[in-house]
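Below is my_file-v4.tsv, holding TSV, N, CA and C atoms.
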```
chain	number	residue	atom	x	y	z
A	1	MET	N	46.53	56.26	68.50
A	1	MET	CA	46.75	55.77	69.85
A	1	MET	C	48.21	56.03	70.23
A	2	GLU	N	48.41	56.55	71.41
A	2	GLU	CA	49.74	56.88	71.91
A	2	GLU	C	50.44	55.62	72.41
A	3	PRO	N	51.75	55.47	72.12
A	3	PRO	CA	52.48	54.30	72.63
A	3	PRO	C	52.50	54.30	74.15
A	4	HIS	N	52.62	53.12	74.71
A	4	HIS	CA	52.64	52.97	76.17
A	4	HIS	C	53.89	53.63	76.74
A	5	ARG	N	53.68	54.49	77.73
A	5	ARG	CA	54.80	55.16	78.38
A	5	ARG	C	54.83	54.75	79.84
A	6	SER	N	56.01	54.48	80.30
A	6	SER	CA	56.15	54.09	81.70
A	6	SER	C	56.21	55.33	82.58
A	7	ALA	N	56.08	55.12	83.87
A	7	ALA	CA	56.16	56.22	84.82
A	7	ALA	C	57.55	56.85	84.80
A	8	GLU	N	58.57	56.05	84.48
A	8	GLU	CA	59.93	56.55	84.44
A	8	GLU	C	60.13	57.52	83.28
A	9	ASP	N	59.39	57.32	82.17
A	9	ASP	CA	59.48	58.24	81.03
A	9	ASP	C	58.92	59.60	81.40
A	10	ASP	N	57.92	59.64	82.31
A	10	ASP	CA	57.28	60.88	82.70
A	10	ASP	C	58.02	61.59	83.83
A	11	ARG	N	59.03	60.97	84.36
A	11	ARG	CA	59.74	61.52	85.52
A	11	ARG	C	60.46	62.82	85.13
A	12	ASP	N	60.21	63.84	85.89
A	12	ASP	CA	60.91	65.11	85.72
A	12	ASP	C	61.91	65.23	86.86
A	13	PRO	N	63.21	65.11	86.58
A	13	PRO	CA	64.17	65.12	87.68
A	13	PRO	C	64.30	66.47	88.35
A	14	GLY	N	63.81	67.52	87.72
A	14	GLY	CA	63.91	68.85	88.33
A	14	GLY	C	65.36	69.22	88.60
A	15	LEU	N	65.61	69.69	89.79
A	15	LEU	CA	66.96	70.12	90.15
A	15	LEU	C	67.75	69.05	90.89
A	16	GLN	N	67.18	67.86	91.02
A	16	GLN	CA	67.85	66.80	91.77
A	16	GLN	C	69.25	66.48	91.24
A	17	PRO	N	69.47	66.33	89.92
A	17	PRO	CA	70.85	66.07	89.45
A	17	PRO	C	71.80	67.21	89.79
A	18	GLU	N	71.31	68.44	89.73
A	18	GLU	CA	72.15	69.59	90.06
A	18	GLU	C	72.52	69.58	91.54
A	19	ARG	N	71.54	69.28	92.41
A	19	ARG	CA	71.82	69.21	93.85
A	19	ARG	C	72.81	68.09	94.16
A	20	THR	N	72.66	66.97	93.48
A	20	THR	CA	73.58	65.85	93.70
A	20	THR	C	74.99	66.20	93.24
A	21	ARG	N	75.09	66.86	92.11
A	21	ARG	CA	76.40	67.29	91.60
A	21	ARG	C	77.07	68.25	92.58
A	22	LEU	N	76.29	69.19	93.11
A	22	LEU	CA	76.85	70.12	94.08
A	22	LEU	C	77.25	69.42	95.37
A	23	ALA	N	76.51	68.40	95.77
A	23	ALA	CA	76.87	67.64	96.97
A	23	ALA	C	78.20	66.92	96.77
A	24	TRP	N	78.41	66.36	95.58
A	24	TRP	CA	79.70	65.72	95.29
A	24	TRP	C	80.83	66.75	95.37
A	25	ARG	N	80.59	67.95	94.87
A	25	ARG	CA	81.62	69.00	94.93
A	25	ARG	C	81.92	69.40	96.37
A	26	ARG	N	80.87	69.56	97.18
A	26	ARG	CA	81.09	69.92	98.59
A	26	ARG	C	81.87	68.84	99.32
A	27	THR	N	81.54	67.59	99.06
A	27	THR	CA	82.24	66.50	99.72
A	27	THR	C	83.70	66.45	99.27
A	28	THR	N	83.95	66.72	98.01
A	28	THR	CA	85.32	66.76	97.51
A	28	THR	C	86.09	67.90	98.18
A	29	LEU	N	85.44	69.04	98.35
A	29	LEU	CA	86.08	70.16	99.03
A	29	LEU	C	86.40	69.81	100.49
A	30	ALA	N	85.47	69.16	101.16
A	30	ALA	CA	85.70	68.76	102.55
A	30	ALA	C	86.87	67.78	102.65
A	31	GLY	N	86.95	66.85	101.70
A	31	GLY	CA	88.08	65.91	101.66
A	31	GLY	C	89.40	66.61	101.40
A	32	THR	N	89.36	67.63	100.57
A	32	THR	CA	90.56	68.40	100.27
A	32	THR	C	91.05	69.12	101.53
A	33	VAL	N	90.13	69.72	102.25
A	33	VAL	CA	90.49	70.43	103.49
A	33	VAL	C	91.06	69.44	104.51
A	34	ALA	N	90.42	68.28	104.66
A	34	ALA	CA	90.90	67.27	105.61
A	34	ALA	C	92.30	66.79	105.23
A	35	THR	N	92.55	66.61	103.94
A	35	THR	CA	93.86	66.16	103.49
A	35	THR	C	94.93	67.22	103.74
A	36	VAL	N	94.62	68.46	103.42
A	36	VAL	CA	95.58	69.54	103.65
A	36	VAL	C	95.90	69.66	105.14
A	37	LEU	N	94.87	69.59	105.99
A	37	LEU	CA	95.11	69.67	107.43
A	37	LEU	C	95.89	68.47	107.94
A	38	ALA	N	95.65	67.29	107.38
A	38	ALA	CA	96.40	66.10	107.79
A	38	ALA	C	97.87	66.23	107.41
A	39	VAL	N	98.14	66.72	106.21
A	39	VAL	CA	99.53	66.90	105.78
A	39	VAL	C	100.20	67.98	106.64
A	40	LYS	N	99.48	69.05	106.94
A	40	LYS	CA	100.02	70.10	107.79
A	40	LYS	C	100.34	69.56	109.18
A	41	ALA	N	99.43	68.75	109.74
A	41	ALA	CA	99.67	68.16	111.06
A	41	ALA	C	100.87	67.23	111.03
A	42	ALA	N	101.02	66.47	109.95
A	42	ALA	CA	102.15	65.55	109.84
A	42	ALA	C	103.47	66.32	109.77
A	43	LEU	N	103.49	67.42	109.05
A	43	LEU	CA	104.72	68.20	108.91
A	43	LEU	C	105.02	69.01	110.17
A	44	ASN	N	104.00	69.45	110.88
A	44	ASN	CA	104.22	70.20	112.12
A	44	ASN	C	104.76	69.32	113.24
A	45	ASN	N	104.47	68.03	113.19
A	45	ASN	CA	104.94	67.10	114.22
A	45	ASN	C	106.36	66.62	113.95
A	46	GLY	N	107.00	67.16	112.96
A	46	GLY	CA	108.33	66.70	112.58
A	46	GLY	C	108.22	65.75	111.39
A	47	THR	N	109.35	65.37	110.87
A	47	THR	CA	109.34	64.51	109.69
A	47	THR	C	109.62	63.07	110.07
A	48	ASP	N	108.79	62.51	110.96
A	48	ASP	CA	108.95	61.11	111.32
A	48	ASP	C	108.27	60.22	110.27
A	49	ALA	N	108.75	59.03	110.12
A	49	ALA	CA	108.27	58.12	109.07
A	49	ALA	C	106.78	57.80	109.20
A	50	PRO	N	106.26	57.49	110.39
A	50	PRO	CA	104.83	57.19	110.46
A	50	PRO	C	103.95	58.37	110.05
A	51	GLY	N	104.31	59.57	110.46
A	51	GLY	CA	103.53	60.76	110.10
A	51	GLY	C	103.52	61.00	108.60
A	52	ILE	N	104.68	60.88	107.99
A	52	ILE	CA	104.78	61.08	106.54
A	52	ILE	C	104.01	59.98	105.80
A	53	THR	N	104.08	58.76	106.30
A	53	THR	CA	103.36	57.65	105.67
A	53	THR	C	101.85	57.88	105.72
A	54	VAL	N	101.36	58.29	106.88
A	54	VAL	CA	99.92	58.55	107.01
A	54	VAL	C	99.51	59.74	106.15
A	55	ALA	N	100.33	60.76	106.08
A	55	ALA	CA	100.02	61.91	105.22
A	55	ALA	C	99.99	61.50	103.75
A	56	ALA	N	100.92	60.65	103.34
A	56	ALA	CA	100.92	60.16	101.96
A	56	ALA	C	99.68	59.31	101.68
A	57	LEU	N	99.29	58.51	102.67
A	57	LEU	CA	98.07	57.70	102.53
A	57	LEU	C	96.85	58.60	102.41
A	58	CYS	N	96.80	59.68	103.18
A	58	CYS	CA	95.70	60.64	103.07
A	58	CYS	C	95.63	61.22	101.65
A	59	CYS	N	96.77	61.55	101.10
A	59	CYS	CA	96.81	62.10	99.73
A	59	CYS	C	96.32	61.07	98.72
A	60	ALA	N	96.74	59.82	98.88
A	60	ALA	CA	96.30	58.76	97.96
A	60	ALA	C	94.79	58.53	98.07
A	61	LEU	N	94.27	58.53	99.29
A	61	LEU	CA	92.83	58.35	99.48
A	61	LEU	C	92.05	59.52	98.89
A	62	TRP	N	92.58	60.72	99.07
A	62	TRP	CA	91.93	61.90	98.50
A	62	TRP	C	91.89	61.80	96.97
A	63	LEU	N	92.99	61.38	96.37
A	63	LEU	CA	93.02	61.22	94.91
A	63	LEU	C	92.03	60.17	94.44
A	64	GLY	N	91.90	59.09	95.21
A	64	GLY	CA	90.92	58.05	94.87
A	64	GLY	C	89.50	58.60	94.91
A	65	PHE	N	89.18	59.34	95.96
A	65	PHE	CA	87.85	59.93	96.05
A	65	PHE	C	87.64	60.96	94.96
A	66	LEU	N	88.65	61.76	94.68
A	66	LEU	CA	88.55	62.77	93.65
A	66	LEU	C	88.25	62.15	92.29
A	67	THR	N	88.86	61.02	92.01
A	67	THR	CA	88.61	60.32	90.74
A	67	THR	C	87.16	59.89	90.63
A	68	VAL	N	86.64	59.26	91.67
A	68	VAL	CA	85.24	58.81	91.67
A	68	VAL	C	84.30	60.01	91.57
A	69	ALA	N	84.56	61.04	92.36
A	69	ALA	CA	83.70	62.22	92.38
A	69	ALA	C	83.70	62.93	91.03
A	70	HIS	N	84.86	63.07	90.42
A	70	HIS	CA	84.93	63.76	89.13
A	70	HIS	C	84.14	62.99	88.07
A	71	ARG	N	84.26	61.69	88.09
A	71	ARG	CA	83.50	60.86	87.13
A	71	ARG	C	82.01	61.06	87.33
A	72	ARG	N	81.56	61.08	88.60
A	72	ARG	CA	80.14	61.24	88.88
A	72	ARG	C	79.66	62.64	88.54
A	73	ILE	N	80.44	63.65	88.84
A	73	ILE	CA	80.07	65.03	88.52
A	73	ILE	C	79.93	65.19	87.01
A	74	ARG	N	80.84	64.58	86.26
A	74	ARG	CA	80.78	64.66	84.81
A	74	ARG	C	79.50	64.02	84.27
A	75	VAL	N	79.12	62.86	84.81
A	75	VAL	CA	77.90	62.18	84.36
A	75	VAL	C	76.68	63.03	84.67
A	76	LEU	N	76.64	63.63	85.86
A	76	LEU	CA	75.49	64.45	86.25
A	76	LEU	C	75.42	65.74	85.45
A	77	ALA	N	76.55	66.27	85.03
A	77	ALA	CA	76.57	67.54	84.29
A	77	ALA	C	76.16	67.36	82.83
A	78	GLU	N	76.18	66.13	82.33
A	78	GLU	CA	75.83	65.89	80.93
A	78	GLU	C	74.37	66.17	80.64
A	79	GLY	N	73.54	66.16	81.64
A	79	GLY	CA	72.11	66.37	81.44
A	79	GLY	C	71.44	65.07	81.05
A	80	GLY	N	70.16	65.13	80.88
A	80	GLY	CA	69.41	63.92	80.59
A	80	GLY	C	69.30	63.05	81.82
A	81	LYS	N	68.97	61.81	81.59
A	81	LYS	CA	68.81	60.87	82.70
A	81	LYS	C	70.18	60.32	83.08
A	82	PRO	N	70.67	60.62	84.30
A	82	PRO	CA	71.99	60.12	84.69
A	82	PRO	C	71.95	58.61	84.97
A	83	THR	N	73.06	57.96	84.70
A	83	THR	CA	73.15	56.54	85.01
A	83	THR	C	73.32	56.39	86.51
A	84	PRO	N	72.83	55.28	87.07
A	84	PRO	CA	72.98	55.08	88.52
A	84	PRO	C	74.45	54.91	88.90
A	85	LEU	N	74.76	55.29	90.12
A	85	LEU	CA	76.10	55.10	90.66
A	85	LEU	C	76.28	53.60	90.89
A	86	THR	N	77.35	53.05	90.36
A	86	THR	CA	77.58	51.62	90.51
A	86	THR	C	77.99	51.29	91.95
A	87	PRO	N	77.68	50.08	92.41
A	87	PRO	CA	78.10	49.70	93.77
A	87	PRO	C	79.61	49.78	93.96
A	88	ARG	N	80.35	49.49	92.92
A	88	ARG	CA	81.81	49.55	93.00
A	88	ARG	C	82.28	50.97	93.28
A	89	HIS	N	81.73	51.94	92.55
A	89	HIS	CA	82.11	53.33	92.75
A	89	HIS	C	81.61	53.86	94.09
A	90	ALA	N	80.41	53.47	94.48
A	90	ALA	CA	79.88	53.89	95.78
A	90	ALA	C	80.74	53.34	96.91
A	91	GLY	N	81.14	52.08	96.79
A	91	GLY	CA	82.00	51.48	97.81
A	91	GLY	C	83.36	52.14	97.87
A	92	ALA	N	83.92	52.48	96.70
A	92	ALA	CA	85.22	53.14	96.66
A	92	ALA	C	85.14	54.52	97.31
A	93	ALA	N	84.08	55.27	97.01
A	93	ALA	CA	83.92	56.60	97.60
A	93	ALA	C	83.76	56.51	99.11
A	94	THR	N	82.99	55.54	99.57
A	94	THR	CA	82.79	55.35	101.01
A	94	THR	C	84.08	54.95	101.69
A	95	LEU	N	84.79	54.00	101.11
A	95	LEU	CA	86.06	53.54	101.68
A	95	LEU	C	87.06	54.69	101.77
A	96	CYS	N	87.19	55.46	100.71
A	96	CYS	CA	88.14	56.59	100.72
A	96	CYS	C	87.75	57.62	101.77
A	97	THR	N	86.48	57.92	101.90
A	97	THR	CA	86.03	58.92	102.86
A	97	THR	C	86.28	58.47	104.30
A	98	VAL	N	85.90	57.24	104.62
A	98	VAL	CA	86.07	56.74	105.98
A	98	VAL	C	87.55	56.58	106.32
A	99	ALA	N	88.33	56.05	105.38
A	99	ALA	CA	89.76	55.85	105.63
A	99	ALA	C	90.48	57.19	105.76
A	100	LEU	N	90.09	58.18	104.97
A	100	LEU	CA	90.69	59.51	105.07
A	100	LEU	C	90.41	60.12	106.45
A	101	ALA	N	89.19	59.96	106.92
A	101	ALA	CA	88.84	60.48	108.25
A	101	ALA	C	89.65	59.76	109.33
A	102	ALA	N	89.80	58.45	109.19
A	102	ALA	CA	90.55	57.68	110.18
A	102	ALA	C	92.03	58.09	110.18
A	103	CYS	N	92.60	58.30	109.01
A	103	CYS	CA	94.00	58.73	108.92
A	103	CYS	C	94.19	60.12	109.52
A	104	ALA	N	93.26	61.00	109.26
A	104	ALA	CA	93.35	62.35	109.81
A	104	ALA	C	93.26	62.33	111.34
A	105	VAL	N	92.38	61.50	111.87
A	105	VAL	CA	92.29	61.36	113.33
A	105	VAL	C	93.57	60.78	113.90
A	106	ALA	N	94.15	59.79	113.21
A	106	ALA	CA	95.40	59.17	113.68
A	106	ALA	C	96.53	60.20	113.74
A	107	LEU	N	96.55	61.12	112.81
A	107	LEU	CA	97.59	62.15	112.83
A	107	LEU	C	97.39	63.14	113.97
A	108	ILE	N	96.15	63.42	114.30
A	108	ILE	CA	95.87	64.40	115.35
A	108	ILE	C	96.17	63.81	116.73
A	109	LEU	N	95.85	62.54	116.90
A	109	LEU	CA	96.06	61.90	118.21
A	109	LEU	C	97.50	61.53	118.30
```
As structure tokens - that is how I would like this structure written.
Amino acid sequence: MEPHRSAEDDRDPGLQPERTRLAWRRTTLAGTVATVLAVKAALNNGTDAPGITVAALCCALWLGFLTVAHRRIRVLAEGGKPTPLTPRHAGAATLCTVALAACAVALIL
């Protein structure tokens, strides 16, 4: 008699972890472009304190997102069943993304 297997044991993730890993990479690339453009906009407007402060904040937010994304990409690349994204990491990624967009808009306006 075969031991009882749950539906989760039979789950074939297919390419879903690979697609998710690539999505994290694309989002990281988009954040990198936004940060570079924000720093460029801050430097083109002169070296005033508010512009430099917002550009530095953009860099810090980008580094925060990069940390979360790299950790998630590494987990997904290991193969096997990936662990779920924790609410703490999901919240941090969301906060960094939204705040980075807000800072970039503030520099443009």
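For the set A:Ala41, A:Cys59, A:Ala102, A:Ala69, the residue with the smallest atom-to-atom gap to Leu85 of chain A is A:Ala69, counting only C-alpha atoms.
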May I have all residues of chain A that DSSP, computed from the backbone, assigns to helix (DSSP H, G or I), given as a ChimeraX atom specification? /A:16-44,49-77,87-108
Scan for residues within 10 Å of the point (90.1, 62.8, 97.4) in the coordinates of the file, using only C-alpha atoms, and reply as a PDB file with N, CA and C atoms, in the frame of the given file.
```pdb
ATOM      1  N   THR A  27      81.540  67.590  99.060  1.00  0.00           N
ATOM      2  CA  THR A  27      82.240  66.500  99.720  1.00  0.00           C
ATOM      3  C   THR A  27      83.700  66.450  99.270  1.00  0.00           C
ATOM      4  N   THR A  28      83.950  66.720  98.010  1.00  0.00           N
ATOM      5  CA  THR A  28      85.320  66.760  97.510  1.00  0.00           C
ATOM      6  C   THR A  28      86.090  67.900  98.180  1.00  0.00           C
ATOM      7  N   LEU A  29      85.440  69.040  98.350  1.00  0.00           N
ATOM      8  CA  LEU A  29      86.080  70.160  99.030  1.00  0.00           C
ATOM      9  C   LEU A  29      86.400  69.810 100.490  1.00  0.00           C
ATOM     10  N   ALA A  30      85.470  69.160 101.160  1.00  0.00           N
ATOM     11  CA  ALA A  30      85.700  68.760 102.550  1.00  0.00           C
ATOM     12  C   ALA A  30      86.870  67.780 102.650  1.00  0.00           C
ATOM     13  N   GLY A  31      86.950  66.850 101.700  1.00  0.00           N
ATOM     14  CA  GLY A  31      88.080  65.910 101.660  1.00  0.00           C
ATOM     15  C   GLY A  31      89.400  66.610 101.400  1.00  0.00           C
ATOM     16  N   THR A  32      89.360  67.630 100.570  1.00  0.00           N
ATOM     17  CA  THR A  32      90.560  68.400 100.270  1.00  0.00           C
ATOM     18  C   THR A  32      91.050  69.120 101.530  1.00  0.00           C
ATOM     19  N   VAL A  33      90.130  69.720 102.250  1.00  0.00           N
ATOM     20  CA  VAL A  33      90.490  70.430 103.490  1.00  0.00           C
ATOM     21  C   VAL A  33      91.060  69.440 104.510  1.00  0.00           C
ATOM     22  N   ALA A  34      90.420  68.280 104.660  1.00  0.00           N
ATOM     23  CA  ALA A  34      90.900  67.270 105.610  1.00  0.00           C
ATOM     24  C   ALA A  34      92.300  66.790 105.230  1.00  0.00           C
ATOM     25  N   THR A  35      92.550  66.610 103.940  1.00  0.00           N
ATOM     26  CA  THR A  35      93.860  66.160 103.490  1.00  0.00           C
ATOM     27  C   THR A  35      94.930  67.220 103.740  1.00  0.00           C
ATOM     28  N   CYS A  58      96.800  59.680 103.180  1.00  0.00           N
ATOM     29  CA  CYS A  58      95.700  60.640 103.070  1.00  0.00           C
ATOM     30  C   CYS A  58      95.630  61.220 101.650  1.00  0.00           C
ATOM     31  N   CYS A  59      96.770  61.550 101.100  1.00  0.00           N
ATOM     32  CA  CYS A  59      96.810  62.100  99.730  1.00  0.00           C
ATOM     33  C   CYS A  59      96.320  61.070  98.720  1.00  0.00           C
ATOM     34  N   ALA A  60      96.740  59.820  98.880  1.00  0.00           N
ATOM     35  CA  ALA A  60      96.300  58.760  97.960  1.00  0.00           C
ATOM     36  C   ALA A  60      94.790  58.530  98.070  1.00  0.00           C
ATOM     37  N   LEU A  61      94.270  58.530  99.290  1.00  0.00           N
ATOM     38  CA  LEU A  61      92.830  58.350  99.480  1.00  0.00           C
ATOM     39  C   LEU A  61      92.050  59.520  98.890  1.00  0.00           C
ATOM     40  N   TRP A  62      92.580  60.720  99.070  1.00  0.00           N
ATOM     41  CA  TRP A  62      91.930  61.900  98.500  1.00  0.00           C
ATOM     42  C   TRP A  62      91.890  61.800  96.970  1.00  0.00           C
ATOM     43  N   LEU A  63      92.990  61.380  96.370  1.00  0.00           N
ATOM     44  CA  LEU A  63      93.020  61.220  94.910  1.00  0.00           C
ATOM     45  C   LEU A  63      92.030  60.170  94.440  1.00  0.00           C
ATOM     46  N   GLY A  64      91.900  59.090  95.210  1.00  0.00           N
ATOM     47  CA  GLY A  64      90.920  58.050  94.870  1.00  0.00           C
ATOM     48  C   GLY A  64      89.500  58.600  94.910  1.00  0.00           C
ATOM     49  N   PHE A  65      89.180  59.340  95.960  1.00  0.00           N
ATOM     50  CA  PHE A  65      87.850  59.930  96.050  1.00  0.00           C
ATOM     51  C   PHE A  65      87.640  60.960  94.960  1.00  0.00           C
ATOM     52  N   LEU A  66      88.650  61.760  94.680  1.00  0.00           N
ATOM     53  CA  LEU A  66      88.550  62.770  93.650  1.00  0.00           C
ATOM     54  C   LEU A  66      88.250  62.150  92.290  1.00  0.00           C
ATOM     55  N   THR A  67      88.860  61.020  92.010  1.00  0.00           N
ATOM     56  CA  THR A  67      88.610  60.320  90.740  1.00  0.00           C
ATOM     57  C   THR A  67      87.160  59.890  90.630  1.00  0.00           C
ATOM     58  N   VAL A  68      86.640  59.260  91.670  1.00  0.00           N
ATOM     59  CA  VAL A  68      85.240  58.810  91.670  1.00  0.00           C
ATOM     60  C   VAL A  68      84.300  60.010  91.570  1.00  0.00           C
ATOM     61  N   ALA A  69      84.560  61.040  92.360  1.00  0.00           N
ATOM     62  CA  ALA A  69      83.700  62.220  92.380  1.00  0.00           C
ATOM     63  C   ALA A  69      83.700  62.930  91.030  1.00  0.00           C
ATOM     64  N   HIS A  70      84.860  63.070  90.420  1.00  0.00           N
ATOM     65  CA  HIS A  70      84.930  63.760  89.130  1.00  0.00           C
ATOM     66  C   HIS A  70      84.140  62.990  88.070  1.00  0.00           C
ATOM     67  N   ALA A  93      84.080  55.270  97.010  1.00  0.00           N
ATOM     68  CA  ALA A  93      83.920  56.600  97.600  1.00  0.00           C
ATOM     69  C   ALA A  93      83.760  56.510  99.110  1.00  0.00           C
ATOM     70  N   CYS A  96      87.190  55.460 100.710  1.00  0.00           N
ATOM     71  CA  CYS A  96      88.140  56.590 100.720  1.00  0.00           C
ATOM     72  C   CYS A  96      87.750  57.620 101.770  1.00  0.00           C
ATOM     73  N   THR A  97      86.480  57.920 101.900  1.00  0.00           N
ATOM     74  CA  THR A  97      86.030  58.920 102.860  1.00  0.00           C
ATOM     75  C   THR A  97      86.280  58.470 104.300  1.00  0.00           C
ATOM     76  N   LEU A 100      90.090  58.180 104.970  1.00  0.00           N
ATOM     77  CA  LEU A 100      90.690  59.510 105.070  1.00  0.00           C
ATOM     78  C   LEU A 100      90.410  60.120 106.450  1.00  0.00           C
TER      79      LEU A 100
END
```
Between atom C of Val98 of chain A and atom C of Val75 of chain A, what is the spacing in Å? 25.1 Å
Quick check, in Å to one decimal: how far apart do atom N of Leu95 of chain A and atom N of Leu109 of chain A lie? 21.1 Å
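The residue that comes closest to Lys40 of chain A, out of A:Ala106, A:Ala99, A:Ala92, A:Ala55 and on the basis of all atoms listed in the file, is A:Ala55.
One distance worth recording is that between atom N of Arg88 of chain A and atom N of Arg74 of chain A, which is 16.5 Å.
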So that I can see what lies close to segment 17-24 of chain A, please list as a ChimeraX atom specification the residues with an atom at most 8 Å from it, counting only C-alpha atoms and leaving out residues fewer than 2 positions away in the same chain. /A:13-15,26-28,69,72-73,76-77,82
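Residue nearest Lys81 of chain A within the list A:Thr94, A:Thr53, A:Gln16, A:Thr47: A:Gln16 [criterion: smallest interatomic distance, only C-alpha atoms].
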